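This is target_19.txt (compact mmCIF, C-alpha atoms and all ligand atoms).
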```
# COMPACT_ATOMS: atom_id res chain seq x y z
CA MET A 1 99.10 233.78 15.83
CA ASP A 2 97.83 233.73 12.28
CA ASP A 3 96.01 230.43 11.77
CA THR A 4 96.45 230.53 7.99
CA ALA A 5 100.14 229.83 8.62
CA LEU A 6 99.00 226.37 9.68
CA THR A 7 97.76 225.43 6.23
CA PRO A 8 99.62 224.23 3.14
CA GLY A 9 97.55 226.73 1.10
CA PHE A 10 99.32 229.59 2.88
CA TRP A 11 102.70 228.51 1.51
CA ILE A 12 101.44 227.57 -1.94
CA GLU A 13 100.02 231.08 -2.23
CA ARG A 14 103.19 232.75 -0.98
CA TRP A 15 105.18 231.04 -3.72
CA GLN A 16 102.53 231.96 -6.31
CA LYS A 17 102.71 235.61 -5.25
CA GLY A 18 106.52 235.59 -5.09
CA GLU A 19 106.43 236.50 -1.36
CA ILE A 20 109.61 234.64 -0.56
CA GLY A 21 111.66 237.12 1.45
CA PHE A 22 113.14 234.14 3.31
CA HIS A 23 115.00 232.93 0.20
CA GLN A 24 118.76 233.59 0.18
CA PRO A 25 120.02 233.69 -3.41
CA GLU A 26 123.63 233.31 -2.26
CA GLY A 27 122.91 230.56 0.26
CA ASN A 28 123.46 230.63 4.00
CA ASP A 29 126.93 231.46 5.34
CA LEU A 30 126.30 229.77 8.71
CA LEU A 31 126.00 226.50 6.79
CA VAL A 32 129.37 227.01 5.11
CA THR A 33 131.04 228.03 8.38
CA HIS A 34 129.61 225.36 10.63
CA TRP A 35 128.89 222.33 8.47
CA PRO A 36 132.39 220.88 8.94
CA SER A 37 131.91 220.77 12.73
CA LEU A 38 129.05 218.28 12.34
CA GLY A 39 131.49 215.70 11.03
CA ALA A 40 128.96 214.31 8.57
CA ALA A 41 130.53 211.34 6.79
CA PRO A 42 131.78 212.05 3.26
CA GLY A 43 129.23 210.84 0.75
CA SER A 44 126.47 210.62 3.35
CA THR A 45 122.94 211.75 2.61
CA VAL A 46 121.71 215.07 4.02
CA PHE A 47 118.02 215.65 4.67
CA VAL A 48 116.83 219.23 4.02
CA PRO A 49 113.26 219.60 5.29
CA LEU A 50 111.15 222.48 3.91
CA CYS A 51 113.92 223.18 1.42
CA GLY A 52 112.22 225.82 -0.74
CA LYS A 53 114.60 226.50 -3.62
CA SER A 54 117.56 226.85 -1.32
CA ARG A 55 120.98 227.09 -2.94
CA ASP A 56 122.29 225.40 0.18
CA MET A 57 121.35 222.10 -1.44
CA VAL A 58 123.82 222.79 -4.24
CA TRP A 59 126.50 223.64 -1.70
CA LEU A 60 125.87 220.42 0.23
CA ALA A 61 126.07 218.45 -3.02
CA SER A 62 129.36 220.23 -3.84
CA GLN A 63 130.72 218.84 -0.55
CA GLY A 64 130.11 215.33 -1.85
CA HIS A 65 126.76 214.69 -0.13
CA ARG A 66 123.62 213.25 -1.55
CA VAL A 67 120.71 215.58 -0.74
CA ILE A 68 117.06 214.78 -0.07
CA GLY A 69 114.84 217.85 0.17
CA VAL A 70 111.14 218.01 0.88
CA GLU A 71 109.04 220.97 -0.19
CA LEU A 72 105.32 221.64 -0.44
CA SER A 73 105.33 224.04 -3.38
CA PRO A 74 105.81 222.63 -6.89
CA LEU A 75 106.69 226.14 -8.03
CA ALA A 76 109.62 226.23 -5.60
CA VAL A 77 110.87 222.87 -6.84
CA ASP A 78 110.56 223.88 -10.51
CA ASP A 79 112.35 227.17 -9.79
CA PHE A 80 115.16 225.35 -8.01
CA PHE A 81 116.07 223.12 -10.93
CA ARG A 82 115.51 225.85 -13.53
CA GLU A 83 117.59 228.45 -11.70
CA GLN A 84 120.41 225.97 -11.13
CA GLY A 85 120.25 224.99 -14.82
CA ILE A 86 119.74 221.34 -13.95
CA GLU A 87 117.57 218.90 -15.94
CA ALA A 88 115.58 216.82 -13.47
CA ASP A 89 113.74 213.52 -13.81
CA THR A 90 110.19 213.48 -12.50
CA ASN A 91 108.52 210.50 -10.82
CA ALA A 92 105.27 210.09 -8.92
CA ARG A 93 105.74 208.36 -5.55
CA GLY A 94 102.41 208.05 -3.71
CA ALA A 95 101.27 211.52 -2.66
CA PHE A 96 104.62 212.99 -3.74
CA VAL A 97 106.22 214.07 -6.99
CA VAL A 98 109.96 213.45 -6.83
CA ARG A 99 112.28 215.57 -8.95
CA SER A 100 115.83 214.26 -9.09
CA ALA A 101 119.08 215.19 -10.77
CA GLY A 102 122.47 213.74 -9.85
CA PRO A 103 122.90 213.83 -6.07
CA ILE A 104 119.83 216.02 -5.39
CA SER A 105 116.26 214.74 -5.02
CA ILE A 106 113.37 216.90 -3.92
CA TRP A 107 110.19 215.27 -2.70
CA CYS A 108 107.35 217.65 -3.45
CA GLY A 109 104.60 217.28 -0.86
CA ASP A 110 103.86 217.58 2.85
CA VAL A 111 106.77 216.76 5.18
CA PHE A 112 104.31 215.21 7.63
CA GLU A 113 103.40 212.62 5.01
CA LEU A 114 106.93 211.73 3.95
CA PRO A 115 107.33 207.94 4.21
CA ALA A 116 109.91 206.96 6.83
CA GLU A 117 111.84 204.81 4.33
CA VAL A 118 112.84 207.93 2.36
CA THR A 119 115.09 209.12 5.19
CA ARG A 120 116.33 205.73 6.42
CA GLU A 121 119.86 206.29 5.08
CA VAL A 122 120.14 209.92 6.14
CA GLY A 123 123.45 210.79 7.80
CA ALA A 124 122.78 214.43 8.74
CA VAL A 125 120.01 217.04 8.73
CA TYR A 126 120.12 220.71 7.74
CA ASP A 127 117.25 222.89 8.95
CA ARG A 128 117.35 226.54 7.98
CA ALA A 129 114.01 228.37 8.23
CA ALA A 130 112.08 225.09 8.50
CA LEU A 131 111.38 224.80 12.24
CA VAL A 132 110.70 228.56 12.42
CA ALA A 133 108.20 228.29 9.56
CA PHE A 134 105.82 226.46 11.90
CA PRO A 135 103.75 227.83 14.78
CA HIS A 136 104.38 226.14 18.11
CA SER A 137 101.75 223.40 17.79
CA LEU A 138 103.20 222.33 14.44
CA GLN A 139 106.77 222.66 15.72
CA VAL A 140 105.93 219.98 18.27
CA ARG A 141 104.57 217.73 15.52
CA TYR A 142 107.49 218.49 13.22
CA ALA A 143 110.14 217.77 15.87
CA ARG A 144 108.43 214.48 16.80
CA ARG A 145 108.20 213.44 13.17
CA LEU A 146 111.85 214.29 12.51
CA MET A 147 112.92 212.22 15.50
CA GLU A 148 110.79 209.34 14.21
CA ILE A 149 112.11 209.29 10.66
CA ILE A 150 115.76 210.34 11.05
CA PRO A 151 118.36 207.77 12.16
CA ALA A 152 119.32 208.52 15.76
CA ALA A 153 123.01 208.96 14.95
CA ALA A 154 122.42 211.72 12.39
CA PRO A 155 123.48 215.16 13.69
CA MET A 156 121.44 218.22 12.79
CA LEU A 157 122.57 221.74 11.93
CA LEU A 158 119.67 223.99 12.93
CA VAL A 159 119.57 227.69 12.06
CA SER A 160 116.88 229.37 14.13
CA LEU A 161 115.60 232.89 14.77
CA ALA A 162 114.46 234.69 17.89
CA TYR A 163 112.82 238.10 18.28
CA PRO A 164 110.77 239.76 21.04
CA VAL A 165 107.56 237.79 21.62
CA GLY A 166 104.52 239.08 19.78
CA GLN A 167 106.25 241.70 17.62
CA ILE A 168 104.96 240.12 14.42
CA PRO A 169 102.62 237.27 13.63
CA GLY A 170 104.74 234.47 12.20
CA PRO A 171 106.11 233.05 10.08
CA PRO A 172 108.87 233.16 10.99
CA PHE A 173 107.94 232.15 14.52
CA SER A 174 110.40 233.23 17.18
CA THR A 175 112.18 230.08 18.38
CA PRO A 176 114.83 230.81 21.03
CA LEU A 177 117.03 228.22 22.72
CA MET A 178 114.36 227.61 25.38
CA ASN A 179 111.95 226.41 22.68
CA VAL A 180 114.59 224.43 20.79
CA ALA A 181 115.39 222.67 24.07
CA GLU A 182 111.73 222.02 24.84
CA LEU A 183 111.32 220.37 21.44
CA PHE A 184 114.55 218.38 21.19
CA ALA A 185 116.44 218.16 24.50
CA GLU A 186 115.00 214.79 25.49
CA THR A 187 116.71 213.17 22.53
CA TYR A 188 119.57 215.49 21.58
CA ASP A 189 122.39 217.40 23.20
CA ILE A 190 122.08 220.94 21.89
CA ASP A 191 125.11 223.19 21.43
CA VAL A 192 125.16 226.77 20.22
CA LEU A 193 127.72 227.13 17.42
CA GLU A 194 127.15 230.82 16.76
CA SER A 195 124.61 233.46 17.69
CA ARG A 196 124.54 236.82 15.95
CA ASP A 197 122.45 239.89 15.26
CA GLY A 198 120.40 239.11 12.15
CA LEU A 199 118.34 242.29 11.82
CA ALA A 200 120.48 244.13 9.28
CA ALA A 201 120.34 241.11 6.97
CA SER A 202 116.53 240.87 7.32
CA PRO A 203 115.10 244.16 6.04
CA GLY A 204 111.69 242.51 5.50
CA LEU A 205 111.34 241.60 9.17
CA LYS A 206 112.61 245.03 10.21
CA ALA A 207 109.96 246.65 8.02
CA ARG A 208 107.30 244.45 9.63
CA GLY A 209 108.28 245.80 13.06
CA VAL A 210 110.91 243.46 14.44
CA THR A 211 113.31 245.51 16.58
CA SER A 212 115.88 242.86 17.41
CA LEU A 213 116.64 239.55 15.79
CA GLU A 214 119.00 236.83 16.92
CA GLU A 215 120.08 234.24 14.39
CA THR A 216 121.57 231.14 15.97
CA ALA A 217 123.23 228.04 14.56
CA TYR A 218 122.87 224.96 16.74
CA VAL A 219 124.22 221.47 16.43
CA LEU A 220 121.98 218.71 17.75
CA ARG A 221 123.48 215.30 18.44
CA ALA A 222 121.86 212.21 19.87
CA LYS A 223 122.45 211.89 23.59
CA ALA A 224 124.90 209.15 24.48
CA GLY A 225 123.36 205.91 25.71
C1 LIG A 301 110.57 229.81 5.39
S1 LIG A 301 110.63 228.81 3.96
C2 LIG A 301 112.31 228.20 4.06
C3 LIG A 301 112.79 227.57 2.78
C4 LIG A 301 114.27 227.13 2.81
N1 LIG A 301 114.57 226.27 3.93
C5 LIG A 301 115.20 228.30 2.78
O1 LIG A 301 116.07 228.39 3.64
O2 LIG A 301 115.07 229.13 1.86
C6 LIG A 301 109.65 227.42 4.43
C7 LIG A 301 109.36 226.51 3.28
O3 LIG A 301 108.68 225.37 3.74
C8 LIG A 301 107.67 224.99 2.84
N2 LIG A 301 106.68 224.25 3.64
C9 LIG A 301 105.81 224.76 4.54
N3 LIG A 301 105.08 223.78 5.11
C10 LIG A 301 105.52 222.61 4.58
C11 LIG A 301 105.16 221.25 4.76
N4 LIG A 301 104.20 220.90 5.62
N5 LIG A 301 105.82 220.30 4.04
C12 LIG A 301 106.80 220.66 3.15
N6 LIG A 301 107.16 221.94 2.94
C13 LIG A 301 106.54 222.91 3.63
C14 LIG A 301 107.19 226.31 2.26
O4 LIG A 301 106.59 226.16 1.00
C15 LIG A 301 108.49 227.11 2.20
O5 LIG A 301 109.13 226.95 0.96
```

Write the structure described by the file as C-alpha cells, please.
Amino acid sequence: MDDTALTPGFWIERWQKGEIGFHQPEGNDLLVTHWPSLGAAPGSTVFVPLCGKSRDMVWLASQGHRVIGVELSPLAVDDFFREQGIEADTNARGAFVVRSAGPISIWCGDVFELPAEVTREVGAVYDRAALVAFPHSLQVRYARRLMEIIPAAAPMLLVSLAYPVGQIPGPPFSTPLMNVAELFAETYDIDVLESRDGLAASPGLKARGVTSLEETAYVLRAKAG
C-alpha cells in the first residue's frame, strides 16, 4: 500500500495536477437507477462524503433533496460551483469553509473533523468512490465515524469497486462485499442492488494493470431492533 494515500496532501496534489480520473462528468448511472429503491423521504437531506465535484449532487438536488457534501480540496469545491454555473455563498465554520447555493452545501475540509451536528438531520447517504478512496485502516475509521454522525435510520447507497488483490496500489482500494460486511454488518443489513463489470468504463485502471473490475451498488439499512 502507498502510505501517501493516507495523507490529505495526496488528494490536494491530485486536484492541483488534474489527476482526477475518478470524476464522472455525466454523473453515475447506478445512482439514477437505484436511488428510488432507498425510499429516501422527499425533501430529506442527503450526505455525500468525499464529494469531489460530483455532478451526482446536482442530480440529487433535482430530485428535491437538500445535499451536504464534504470535500478536502478547495479546488474541487470551486470547480463544482463554477462548472455548474452556480453562485455560492462562502462562510468559515471552524476548520471548514462552507460553500452553499440553494439546496447544496459543501463543507471543505477533512471528513474526520466534520462536527456531528452538521449531519444530524441527514435522511440518506450516497457514497460513490469515498470508501474506496481510503486504505483499509482509514476505511475502518471512516465507517466508524459515519455510523457515529449519521442518524441510524438513514439508508446508504454505496457504490464500491473490487479487483484482484495487489494488482495496483490504491486508491482506489479494492473493497469487495467481504470488506463492506466487515466494516458495516454489525449495524446495517447489506443488500447488493447490482454488480457489473466496470473495466471497460475505467480505462485508467485498465492502463494501470487492473485485469478485472467489479462495480457494485449496495444498499445499507439499519438492522431492525
Ligand atoms: C476518489 S475521489 C471521489 C470523488 C467523488 N465522490 C466522485 O464520485 O467523483 C475521493 C475524493 O475524496 C476527497 N478526500 C480524500 N480524503 C478526504 C478527507 N479526509 N476528507 C474529505 N475529503 C477527502 C478527495 O479530495 C477526492 O476528491

Query raised in the report: So which residues touch Glu19 of chain A within 12 Å, counting only C-alpha atoms, skipping near sequence neighbours fewer than 3 positions away, as a ChimeraX atom specification?
Result: /A:10-16,22-23,76,171,204

Report task. Please indicate the distance in Å from atom CA of Val132 of chain A to atom CA of Pro36 of chain A, rounded to one decimal place. Result -> 23.3 Å

List all protein, DNA and RNA residues that have any atom at most 7 Å from ligand LIG 301 (chain A), counting all atoms listed in the file, and write the list as a compact mmCIF listing (two decimals) with C-alpha atoms, in the frame of the given file.
```txt
# COMPACT_ATOMS: atom_id res chain seq x y z
CA PRO A 8 99.62 224.23 3.14
CA TRP A 11 102.70 228.51 1.51
CA ILE A 12 101.44 227.57 -1.94
CA TRP A 15 105.18 231.04 -3.72
CA PHE A 22 113.14 234.14 3.31
CA HIS A 23 115.00 232.93 0.20
CA GLN A 24 118.76 233.59 0.18
CA PRO A 49 113.26 219.60 5.29
CA LEU A 50 111.15 222.48 3.91
CA CYS A 51 113.92 223.18 1.42
CA GLY A 52 112.22 225.82 -0.74
CA LYS A 53 114.60 226.50 -3.62
CA SER A 54 117.56 226.85 -1.32
CA VAL A 70 111.14 218.01 0.88
CA GLU A 71 109.04 220.97 -0.19
CA LEU A 72 105.32 221.64 -0.44
CA SER A 73 105.33 224.04 -3.38
CA ALA A 76 109.62 226.23 -5.60
CA GLY A 109 104.60 217.28 -0.86
CA ASP A 110 103.86 217.58 2.85
CA VAL A 111 106.77 216.76 5.18
CA PHE A 112 104.31 215.21 7.63
CA ASP A 127 117.25 222.89 8.95
CA ARG A 128 117.35 226.54 7.98
CA ALA A 129 114.01 228.37 8.23
CA ALA A 130 112.08 225.09 8.50
CA ALA A 133 108.20 228.29 9.56
CA PRO A 172 108.87 233.16 10.99
```

Query raised in the report: Counting all atoms listed in the file, what is within 10 Å of Leu199 of chain A, bar same-chain residues fewer than 2 positions away, as a ChimeraX atom specification?
Result: /A:163,196-197,201-206,210-215

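Of the residues under consideration (A:Leu138, A:Ile150, A:Met57, A:Val67), A:Val67 shows the shortest atom-to-atom contact distance to Gly43 of chain A when counting only C-alpha atoms.
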
Query raised in the report: Rounded to one decimal in Å, what is the spacing between atom CA of Leu38 of chain A and atom CA of Glu148 of chain A?
Result: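 Atom CA of Glu148 of chain A lies at a distance of 20.4 Å from atom CA of Leu38 of chain A.
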
Report task. Figure out the distance between atom CA of Cys108 of chain A and atom CA of Gly69 of chain A, please, to one decimal in Å. Result ->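 Calculated distance between atom CA of Gly69 of chain A and atom CA of Cys108 of chain A is 8.3 Å.
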
Report task. Find the spatial neighbours of Ala143 of chain A, counting only C-alpha atoms, within a cut-off of 9 Å - ignore same-chain residues fewer than 6 positions away - and output them as a ChimeraX atom specification. Result -> /A:131,183-184

Enclosing box along x, y and z for every listed atom of segment 119-128 of chain A, padded 6 Å each side, centre and size in Å, one decimal, as AutoDock Vina command-line options:
```
--center_x 119.3 --center_y 216.1 --center_z 7.0 --size_x 20.4 --size_y 32.8 --size_z 15.9
```

Need to verify the contact set: Ile104 of chain A, 10 Å, all atoms listed in the file, exclusion of same-chain residues closer than 5 positions in sequence. Can you return it as a compact mmCIF listing (two decimals) with C-alpha atoms, in the coordinates of the input?
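Contents of out_36.txt, as written:
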```txt
# COMPACT_ATOMS: atom_id res chain seq x y z
CA THR A 45 122.94 211.75 2.61
CA VAL A 46 121.71 215.07 4.02
CA MET A 57 121.35 222.10 -1.44
CA VAL A 58 123.82 222.79 -4.24
CA LEU A 60 125.87 220.42 0.23
CA ALA A 61 126.07 218.45 -3.02
CA HIS A 65 126.76 214.69 -0.13
CA ARG A 66 123.62 213.25 -1.55
CA VAL A 67 120.71 215.58 -0.74
CA ILE A 68 117.06 214.78 -0.07
CA GLY A 69 114.84 217.85 0.17
CA PHE A 81 116.07 223.12 -10.93
CA ALA A 88 115.58 216.82 -13.47
CA ARG A 99 112.28 215.57 -8.95
```
